[in-house]
>>> print(open('entry_12.cif').read())   # mmCIF, C-alpha atoms and all ligand atoms
data_run
#
loop_
_atom_site.group_PDB
_atom_site.id
_atom_site.type_symbol
_atom_site.label_atom_id
_atom_site.label_comp_id
_atom_site.auth_asym_id
_atom_site.auth_seq_id
_atom_site.Cartn_x
_atom_site.Cartn_y
_atom_site.Cartn_z
ATOM 1 C CA MET A 15 -5.007 -68.264 -3.354
ATOM 2 C CA GLY A 16 -7.063 -65.507 -1.789
ATOM 3 C CA LEU A 17 -6.564 -61.792 -2.285
ATOM 4 C CA PHE A 18 -3.759 -61.562 0.268
ATOM 5 C CA GLY A 19 -2.012 -64.732 -0.782
ATOM 6 C CA GLU A 20 -3.502 -66.901 1.948
ATOM 7 C CA LYS A 21 -4.194 -70.454 0.894
ATOM 8 C CA LYS A 22 -7.825 -71.507 0.691
ATOM 9 C CA GLU A 23 -8.466 -74.507 2.914
ATOM 10 C CA ASP A 24 -8.407 -77.650 0.784
ATOM 11 C CA TYR A 25 -11.597 -79.323 1.939
ATOM 12 C CA LYS A 26 -11.863 -81.592 -1.084
ATOM 13 C CA ASN A 27 -8.946 -83.779 -0.016
ATOM 14 C CA LYS A 28 -10.277 -84.429 3.466
ATOM 15 C CA LYS A 29 -12.170 -87.630 4.189
ATOM 16 C CA SER A 30 -15.703 -86.452 4.693
ATOM 17 C CA ILE A 31 -19.245 -87.483 5.513
ATOM 18 C CA ILE A 32 -22.502 -85.650 4.935
ATOM 19 C CA ILE A 33 -24.902 -85.969 7.861
ATOM 20 C CA TYR A 34 -28.290 -84.407 7.245
ATOM 21 C CA PHE A 35 -31.965 -84.250 8.083
ATOM 22 C CA SER A 36 -34.608 -83.538 5.466
ATOM 23 C CA ARG A 37 -38.350 -83.995 5.071
ATOM 24 C CA ALA A 38 -40.284 -84.439 1.815
ATOM 25 C CA ASP A 39 -44.096 -84.159 1.500
ATOM 26 C CA GLU A 40 -46.037 -80.944 1.880
ATOM 27 C CA ASN A 41 -43.976 -77.786 2.243
ATOM 28 C CA TYR A 42 -44.479 -74.056 2.069
ATOM 29 C CA PHE A 43 -42.772 -72.078 -0.705
ATOM 30 C CA GLY A 44 -42.889 -68.335 -0.929
ATOM 31 C CA GLY A 45 -46.542 -68.160 0.045
ATOM 32 C CA ALA A 46 -47.906 -71.409 -1.418
ATOM 33 C CA MET A 47 -48.188 -75.016 -0.272
ATOM 34 C CA LYS A 48 -46.508 -77.504 -2.535
ATOM 35 C CA TYR A 49 -45.874 -81.237 -2.426
ATOM 36 C CA ILE A 50 -42.223 -82.243 -2.866
ATOM 37 C CA GLU A 51 -40.827 -85.725 -3.509
ATOM 38 C CA LYS A 52 -37.457 -84.902 -1.997
ATOM 39 C CA GLY A 53 -36.658 -82.542 0.832
ATOM 40 C CA ASN A 54 -34.742 -79.328 0.093
ATOM 41 C CA THR A 55 -31.799 -80.152 2.336
ATOM 42 C CA GLU A 56 -31.500 -83.552 0.665
ATOM 43 C CA VAL A 57 -31.174 -81.873 -2.732
ATOM 44 C CA ILE A 58 -28.211 -79.872 -1.401
ATOM 45 C CA ALA A 59 -26.734 -82.949 0.328
ATOM 46 C CA GLU A 60 -26.744 -84.763 -3.003
ATOM 47 C CA TYR A 61 -24.972 -81.871 -4.733
ATOM 48 C CA ILE A 62 -22.267 -82.038 -2.090
ATOM 49 C CA ARG A 63 -21.952 -85.796 -2.557
ATOM 50 C CA ASP A 64 -21.725 -85.370 -6.350
ATOM 51 C CA ILE A 65 -19.003 -82.738 -5.994
ATOM 52 C CA THR A 66 -16.945 -84.302 -3.193
ATOM 53 C CA GLY A 67 -17.696 -88.032 -3.258
ATOM 54 C CA SER A 68 -18.403 -87.876 0.495
ATOM 55 C CA ASP A 69 -20.186 -90.650 2.324
ATOM 56 C CA MET A 70 -23.707 -89.772 3.333
ATOM 57 C CA PHE A 71 -25.978 -90.441 6.326
ATOM 58 C CA LYS A 72 -29.583 -89.317 6.668
ATOM 59 C CA VAL A 73 -30.948 -88.832 10.178
ATOM 60 C CA GLU A 74 -34.505 -90.164 10.206
ATOM 61 C CA PRO A 75 -37.138 -89.753 12.896
ATOM 62 C CA LEU A 76 -38.358 -92.990 14.431
ATOM 63 C CA GLU A 77 -41.825 -91.549 14.071
ATOM 64 C CA PRO A 78 -42.061 -89.728 10.707
ATOM 65 C CA TYR A 79 -43.390 -86.184 10.754
ATOM 66 C CA SER A 80 -46.852 -85.711 9.345
ATOM 67 C CA ALA A 81 -47.054 -85.200 5.573
ATOM 68 C CA ASN A 82 -49.355 -82.295 6.387
ATOM 69 C CA TYR A 83 -47.294 -79.117 6.768
ATOM 70 C CA MET A 84 -49.296 -77.429 9.516
ATOM 71 C CA GLN A 85 -49.358 -80.620 11.551
ATOM 72 C CA CYS A 86 -45.629 -81.074 11.049
ATOM 73 C CA ILE A 87 -45.045 -77.562 12.397
ATOM 74 C CA GLU A 88 -46.854 -78.491 15.610
ATOM 75 C CA GLU A 89 -45.073 -81.831 15.946
ATOM 76 C CA ALA A 90 -41.710 -80.117 15.520
ATOM 77 C CA LYS A 91 -42.572 -77.593 18.215
ATOM 78 C CA ASP A 92 -43.516 -80.408 20.611
ATOM 79 C CA ARG A 93 -40.378 -82.422 19.915
ATOM 80 C CA THR A 94 -38.159 -79.378 20.393
ATOM 81 C CA ARG A 95 -39.868 -78.363 23.625
ATOM 82 C CA SER A 96 -39.781 -81.842 25.117
ATOM 83 C CA HIS A 97 -36.329 -82.728 23.693
ATOM 84 C CA ASN A 98 -37.920 -86.002 22.720
ATOM 85 C CA ALA A 99 -37.051 -87.091 19.183
ATOM 86 C CA PRO A 100 -35.846 -90.685 18.850
ATOM 87 C CA ILE A 101 -34.208 -91.627 15.559
ATOM 88 C CA LYS A 102 -34.216 -94.764 13.405
ATOM 89 C CA ALA A 103 -30.462 -95.332 13.389
ATOM 90 C CA ASN A 104 -27.443 -93.795 15.062
ATOM 91 C CA VAL A 105 -24.777 -91.853 13.193
ATOM 92 C CA PRO A 106 -22.054 -94.270 11.986
ATOM 93 C CA ASP A 107 -18.579 -94.347 13.544
ATOM 94 C CA LEU A 108 -16.991 -90.971 12.766
ATOM 95 C CA SER A 109 -13.422 -91.799 13.735
ATOM 96 C CA SER A 110 -12.097 -91.965 10.161
ATOM 97 C CA TYR A 111 -13.637 -88.640 9.037
ATOM 98 C CA GLU A 112 -11.824 -85.306 9.172
ATOM 99 C CA LEU A 113 -14.693 -83.253 7.805
ATOM 100 C CA ILE A 114 -18.449 -83.337 8.435
ATOM 101 C CA TYR A 115 -20.921 -81.563 6.169
ATOM 102 C CA LEU A 116 -23.896 -81.052 8.451
ATOM 103 C CA GLY A 117 -27.204 -80.400 6.707
ATOM 104 C CA SER A 118 -30.340 -79.101 8.394
ATOM 105 C CA PRO A 119 -33.568 -77.299 7.603
ATOM 106 C CA VAL A 120 -34.387 -74.410 9.929
ATOM 107 C CA TYR A 121 -37.158 -75.564 12.276
ATOM 108 C CA TRP A 122 -38.368 -72.847 14.631
ATOM 109 C CA GLY A 123 -35.119 -70.940 14.328
ATOM 110 C CA GLY A 124 -32.849 -73.944 14.908
ATOM 111 C CA MET A 125 -32.262 -77.581 14.059
ATOM 112 C CA PRO A 126 -34.982 -80.223 14.237
ATOM 113 C CA GLU A 127 -34.691 -82.076 17.540
ATOM 114 C CA GLU A 128 -33.684 -85.288 15.724
ATOM 115 C CA LEU A 129 -30.327 -83.730 14.880
ATOM 116 C CA PHE A 130 -29.677 -83.036 18.546
ATOM 117 C CA THR A 131 -30.495 -86.682 19.287
ATOM 118 C CA ALA A 132 -28.161 -87.823 16.513
ATOM 119 C CA LEU A 133 -25.205 -85.544 17.224
ATOM 120 C CA LYS A 134 -25.005 -85.240 21.001
ATOM 121 C CA GLY A 135 -22.234 -87.011 22.875
ATOM 122 C CA LEU A 136 -20.075 -88.013 19.899
ATOM 123 C CA ASP A 137 -16.329 -87.345 19.728
ATOM 124 C CA TYR A 138 -15.519 -84.448 17.398
ATOM 125 C CA THR A 139 -11.886 -84.036 18.393
ATOM 126 C CA GLY A 140 -9.882 -82.628 15.485
ATOM 127 C CA LYS A 141 -12.848 -82.628 13.110
ATOM 128 C CA THR A 142 -14.132 -79.736 11.036
ATOM 129 C CA ILE A 143 -17.889 -79.214 10.785
ATOM 130 C CA ARG A 144 -19.313 -77.222 7.866
ATOM 131 C CA PRO A 145 -23.057 -76.541 8.273
ATOM 132 C CA PHE A 146 -25.401 -76.192 5.307
ATOM 133 C CA VAL A 147 -28.915 -75.028 5.930
ATOM 134 C CA THR A 148 -32.125 -74.605 3.934
ATOM 135 C CA HIS A 149 -34.762 -72.186 5.155
ATOM 136 C CA GLU A 150 -37.681 -69.990 4.125
ATOM 137 C CA GLY A 151 -36.237 -66.670 5.222
ATOM 138 C CA SER A 152 -34.327 -67.116 8.489
ATOM 139 C CA GLY A 153 -30.906 -67.897 7.001
ATOM 140 C CA LEU A 154 -28.505 -69.888 9.168
ATOM 141 C CA SER A 155 -30.380 -68.805 12.322
ATOM 142 C CA SER A 156 -28.927 -70.295 15.495
ATOM 143 C CA ILE A 157 -27.764 -73.498 13.802
ATOM 144 C CA PRO A 158 -23.997 -72.731 13.762
ATOM 145 C CA ASN A 159 -24.145 -71.861 17.464
ATOM 146 C CA GLN A 160 -26.175 -74.949 18.283
ATOM 147 C CA LEU A 161 -23.532 -77.036 16.517
ATOM 148 C CA LYS A 162 -20.735 -75.255 18.397
ATOM 149 C CA ASP A 163 -22.416 -76.295 21.649
ATOM 150 C CA ILE A 164 -22.846 -79.910 20.596
ATOM 151 C CA CYS A 165 -19.682 -80.664 18.634
ATOM 152 C CA ILE A 166 -17.242 -80.551 21.506
ATOM 153 C CA GLY A 167 -13.629 -80.810 20.347
ATOM 154 C CA GLY A 168 -14.540 -79.971 16.758
ATOM 155 C CA THR A 169 -14.362 -76.726 14.809
ATOM 156 C CA VAL A 170 -17.605 -75.392 13.329
ATOM 157 C CA ILE A 171 -16.948 -73.059 10.412
ATOM 158 C CA ASP A 172 -18.533 -71.027 7.637
ATOM 159 C CA GLY A 173 -22.040 -72.249 6.943
ATOM 160 C CA LEU A 174 -24.015 -72.126 3.714
ATOM 161 C CA ALA A 175 -27.652 -70.971 3.809
ATOM 162 C CA ILE A 176 -29.932 -71.612 0.845
ATOM 163 C CA LEU A 177 -33.532 -70.585 0.409
ATOM 164 C CA GLY A 178 -35.556 -73.816 0.210
ATOM 165 C CA SER A 179 -37.539 -72.738 -2.822
ATOM 166 C CA THR A 180 -34.322 -72.211 -4.842
ATOM 167 C CA VAL A 181 -32.503 -75.503 -4.233
ATOM 168 C CA ASN A 182 -33.030 -76.819 -7.748
ATOM 169 C CA SER A 183 -30.930 -74.005 -9.188
ATOM 170 C CA ALA A 184 -28.377 -73.811 -6.374
ATOM 171 C CA LYS A 185 -25.701 -76.262 -7.538
ATOM 172 C CA ASN A 186 -23.298 -73.471 -8.537
ATOM 173 C CA LYS A 187 -23.638 -71.854 -5.139
ATOM 174 C CA VAL A 188 -22.779 -75.173 -3.516
ATOM 175 C CA GLU A 189 -19.798 -75.665 -5.830
ATOM 176 C CA ASN A 190 -18.428 -72.216 -5.007
ATOM 177 C CA TRP A 191 -18.852 -72.825 -1.298
ATOM 178 C CA ILE A 192 -17.013 -76.137 -1.420
HETATM 179 C C1 LIG A 201 -41.511 -77.516 11.391
HETATM 180 C C2 LIG A 201 -40.948 -76.460 10.492
HETATM 181 C C3 LIG A 201 -40.436 -75.290 11.027
HETATM 182 C C4 LIG A 201 -39.851 -74.317 10.199
HETATM 183 N N1 LIG A 201 -39.319 -73.193 10.769
HETATM 184 C C5 LIG A 201 -38.680 -72.294 9.964
HETATM 185 C C6 LIG A 201 -38.052 -71.144 10.515
HETATM 186 O O1 LIG A 201 -38.047 -70.911 11.715
HETATM 187 N N2 LIG A 201 -37.418 -70.297 9.651
HETATM 188 C C7 LIG A 201 -37.375 -70.507 8.292
HETATM 189 O O2 LIG A 201 -36.799 -69.699 7.568
HETATM 190 N N3 LIG A 201 -37.966 -71.592 7.754
HETATM 191 C C8 LIG A 201 -38.621 -72.483 8.549
HETATM 192 N N4 LIG A 201 -39.179 -73.601 7.988
HETATM 193 C C9 LIG A 201 -39.012 -73.845 6.543
HETATM 194 C C10 LIG A 201 -37.921 -74.864 6.287
HETATM 195 O O3 LIG A 201 -36.720 -74.508 6.939
HETATM 196 C C11 LIG A 201 -37.606 -74.990 4.780
HETATM 197 O O4 LIG A 201 -38.768 -75.282 4.060
HETATM 198 C C12 LIG A 201 -36.541 -76.051 4.535
HETATM 199 O O5 LIG A 201 -36.026 -75.901 3.236
HETATM 200 C C13 LIG A 201 -37.078 -77.462 4.700
HETATM 201 O O6 LIG A 201 -36.029 -78.377 4.448
HETATM 202 P P1 LIG A 201 -36.315 -79.890 4.037
HETATM 203 O O7 LIG A 201 -37.206 -79.869 2.820
HETATM 204 O O8 LIG A 201 -34.946 -80.443 3.739
HETATM 205 O O9 LIG A 201 -36.937 -80.572 5.208
HETATM 206 C C14 LIG A 201 -39.807 -74.548 8.805
HETATM 207 C C15 LIG A 201 -40.358 -75.711 8.271
HETATM 208 C C16 LIG A 201 -40.923 -76.657 9.085
HETATM 209 C C17 LIG A 201 -41.509 -77.902 8.472
#
>>> encode(input="entry_12.cif", output="structure tokens", more="lines below")
Ligand SMILES: Cc1cc2nc3c(=O)[nH]c(=O)nc-3n(C[C@H](O)[C@H](O)[C@H](O)COP(=O)(O)O)c2cc1C
Amino acid sequence: MGLFGEKKEDYKNKKSIIIYFSRADENYFGGAMKYIEKGNTEVIAEYIRDITGSDMFKVEPLEPYSANYMQCIEEAKDRTRSHNAPIKANVPDLSSYELIYLGSPVYWGGMPEELFTALKGLDYTGKTIRPFVTHEGSGLSSIPNQLKDICIGGTVIDGLAILGSTVNSAKNKVENWI
């Protein structure tokens, strides 16, 4: 129960799937380059799976981004500008899911183009979409609004933004949010 007696939405009992994009390799953390085995957004996606038991789907670029950070930045800019970002596999049938946890890094103030490719044109009628985002300073940026544009028929609600360099100690934050 909240302060005024309103009931907190019971997300845990809804059938859910985590759809996310995440890139490992070289990344930039608070002023330094660092190599990571697992992308930041993937770390958060796995917390959500551990807590909720949700199914999980990773959106993967057909052509992987460069392991080199600076090169990846340029590739991302090109893919966003050209709206050209084919993916390895399409999102699975969503008809049985009531709730979608949608995970994205912030790329140039929004989602990587691959998520647009993956999410456009699907049927979101009656579904709830909860964005979770990792970033290096921009917060949620335009991602909730981008999702509102794409997820026609669905309801996009309260997003969670986590600083990429803090994901390894963010499980409590994720638990509280869920
Ligand atoms: C191509 C690219 C663009 C980025 N643009 C932004 C940005 O606009 N704002 C921001 O705060 N962080 C930006 N970042 C940092 C990422 O959002 C951050 O490192 C995130 O945690 C990466 O998630 P991942 O490891 O799951 O891929 C960018 C990173 C990359 C690689």
>>> closest_residue(input="entry_12.cif", among="A:Asn104, A:Ser36, A:Asn54, A:Thr139", to="Gly167 of chain A", atoms="all atoms listed in the file")
A:Thr139
>>> residues_near_ligand(input="entry_12.cif", ligand="ligand LIG 201 (chain A)", cutoff="8 Å", atoms="only C-alpha atoms and all ligand atoms", output="NGL selection string")
:A and (35-38 or 41-43 or 50 or 52-57 or 83-84 or 86-91 or 118-124 or 126 or 147-153 or 155 or 176-179)
>>> closest_residue(input="entry_12.cif", among="A:Asn182, A:Thr94, A:Asn190, A:Thr169", to="Thr142 of chain A", atoms="only C-alpha atoms")
A:Thr169
>>> residues_around(input="entry_12.cif", residues="Pro75 of chain A", least_positions_apart="2", cutoff="7 Å", atoms="all atoms listed in the file", output="list in words")
Val73, Glu77, Pro78, Ala99, Pro100, Ile101, Lys102 and Glu128 of chain A
>>> resolve_selection(input="entry_12.cif", expression="the PyMOL selection byres (((chain A and resi 133) around 12) and not hetatm)", output="JSON, numbers by chain")
{"A": [33, 34, 35, 71, 73, 100, 101, 103, 104, 105, 106, 107, 108, 114, 116, 117, 125, 126, 127, 128, 129, 130, 131, 132, 134, 135, 136, 137, 138, 143, 160, 161, 162, 163, 164, 165, 166]}
>>> closest_residue(input="entry_12.cif", among="A:Asp172, A:Glu112, A:Asp64, A:Asp92", to="Tyr79 of chain A", atoms="only C-alpha atoms")
A:Asp92
>>> residues_around(input="entry_12.cif", residues="Ile31 of chain A", least_positions_apart="4", cutoff="7 Å", atoms="only C-alpha atoms", output="short mmCIF file (atom, residue, chain, number, x, y, z; two decimals) with C-alpha atoms, in the frame of the given file")
data_model
loop_
_atom_site.label_atom_id
_atom_site.label_comp_id
_atom_site.auth_asym_id
_atom_site.auth_seq_id
_atom_site.Cartn_x
_atom_site.Cartn_y
_atom_site.Cartn_z
CA SER A 68 -18.40 -87.88 0.50
CA ASP A 69 -20.19 -90.65 2.32
CA MET A 70 -23.71 -89.77 3.33
CA TYR A 111 -13.64 -88.64 9.04
CA LEU A 113 -14.69 -83.25 7.80
CA ILE A 114 -18.45 -83.34 8.44
CA TYR A 115 -20.92 -81.56 6.17
#
>>> atom_distance(input="entry_12.cif", atom1="atom CA of His97 of chain A", atom2="atom CA of Asp39 of chain A")
23.6 Å
>>> resolve_selection(input="entry_12.cif", expression="the PyMOL selection byres (((chain A and resi 62) around 9) and not hetatm)", output="number ranges by chain")
A: 32, 57-61, 63-68, 115, 185, 188-189, 192
>>> atom_distance(input="entry_12.cif", atom1="atom CA of Pro145 of chain A", atom2="atom CA of Val170 of chain A")
7.5 Å
>>> atom_distance(input="entry_12.cif", atom1="atom CA of Lys48 of chain A", atom2="atom CA of Ala184 of chain A")
18.9 Å
>>> axis_aligned_box(input="entry_12.cif", around="segment 97-108 of chain A", padding_each_side="6 Å", output="lines of an AutoDock Vina configuration file")
center_x = -27.5
center_y = -89.0
center_z = 17.8
size_x = 32.9
size_y = 24.6
size_z = 23.7
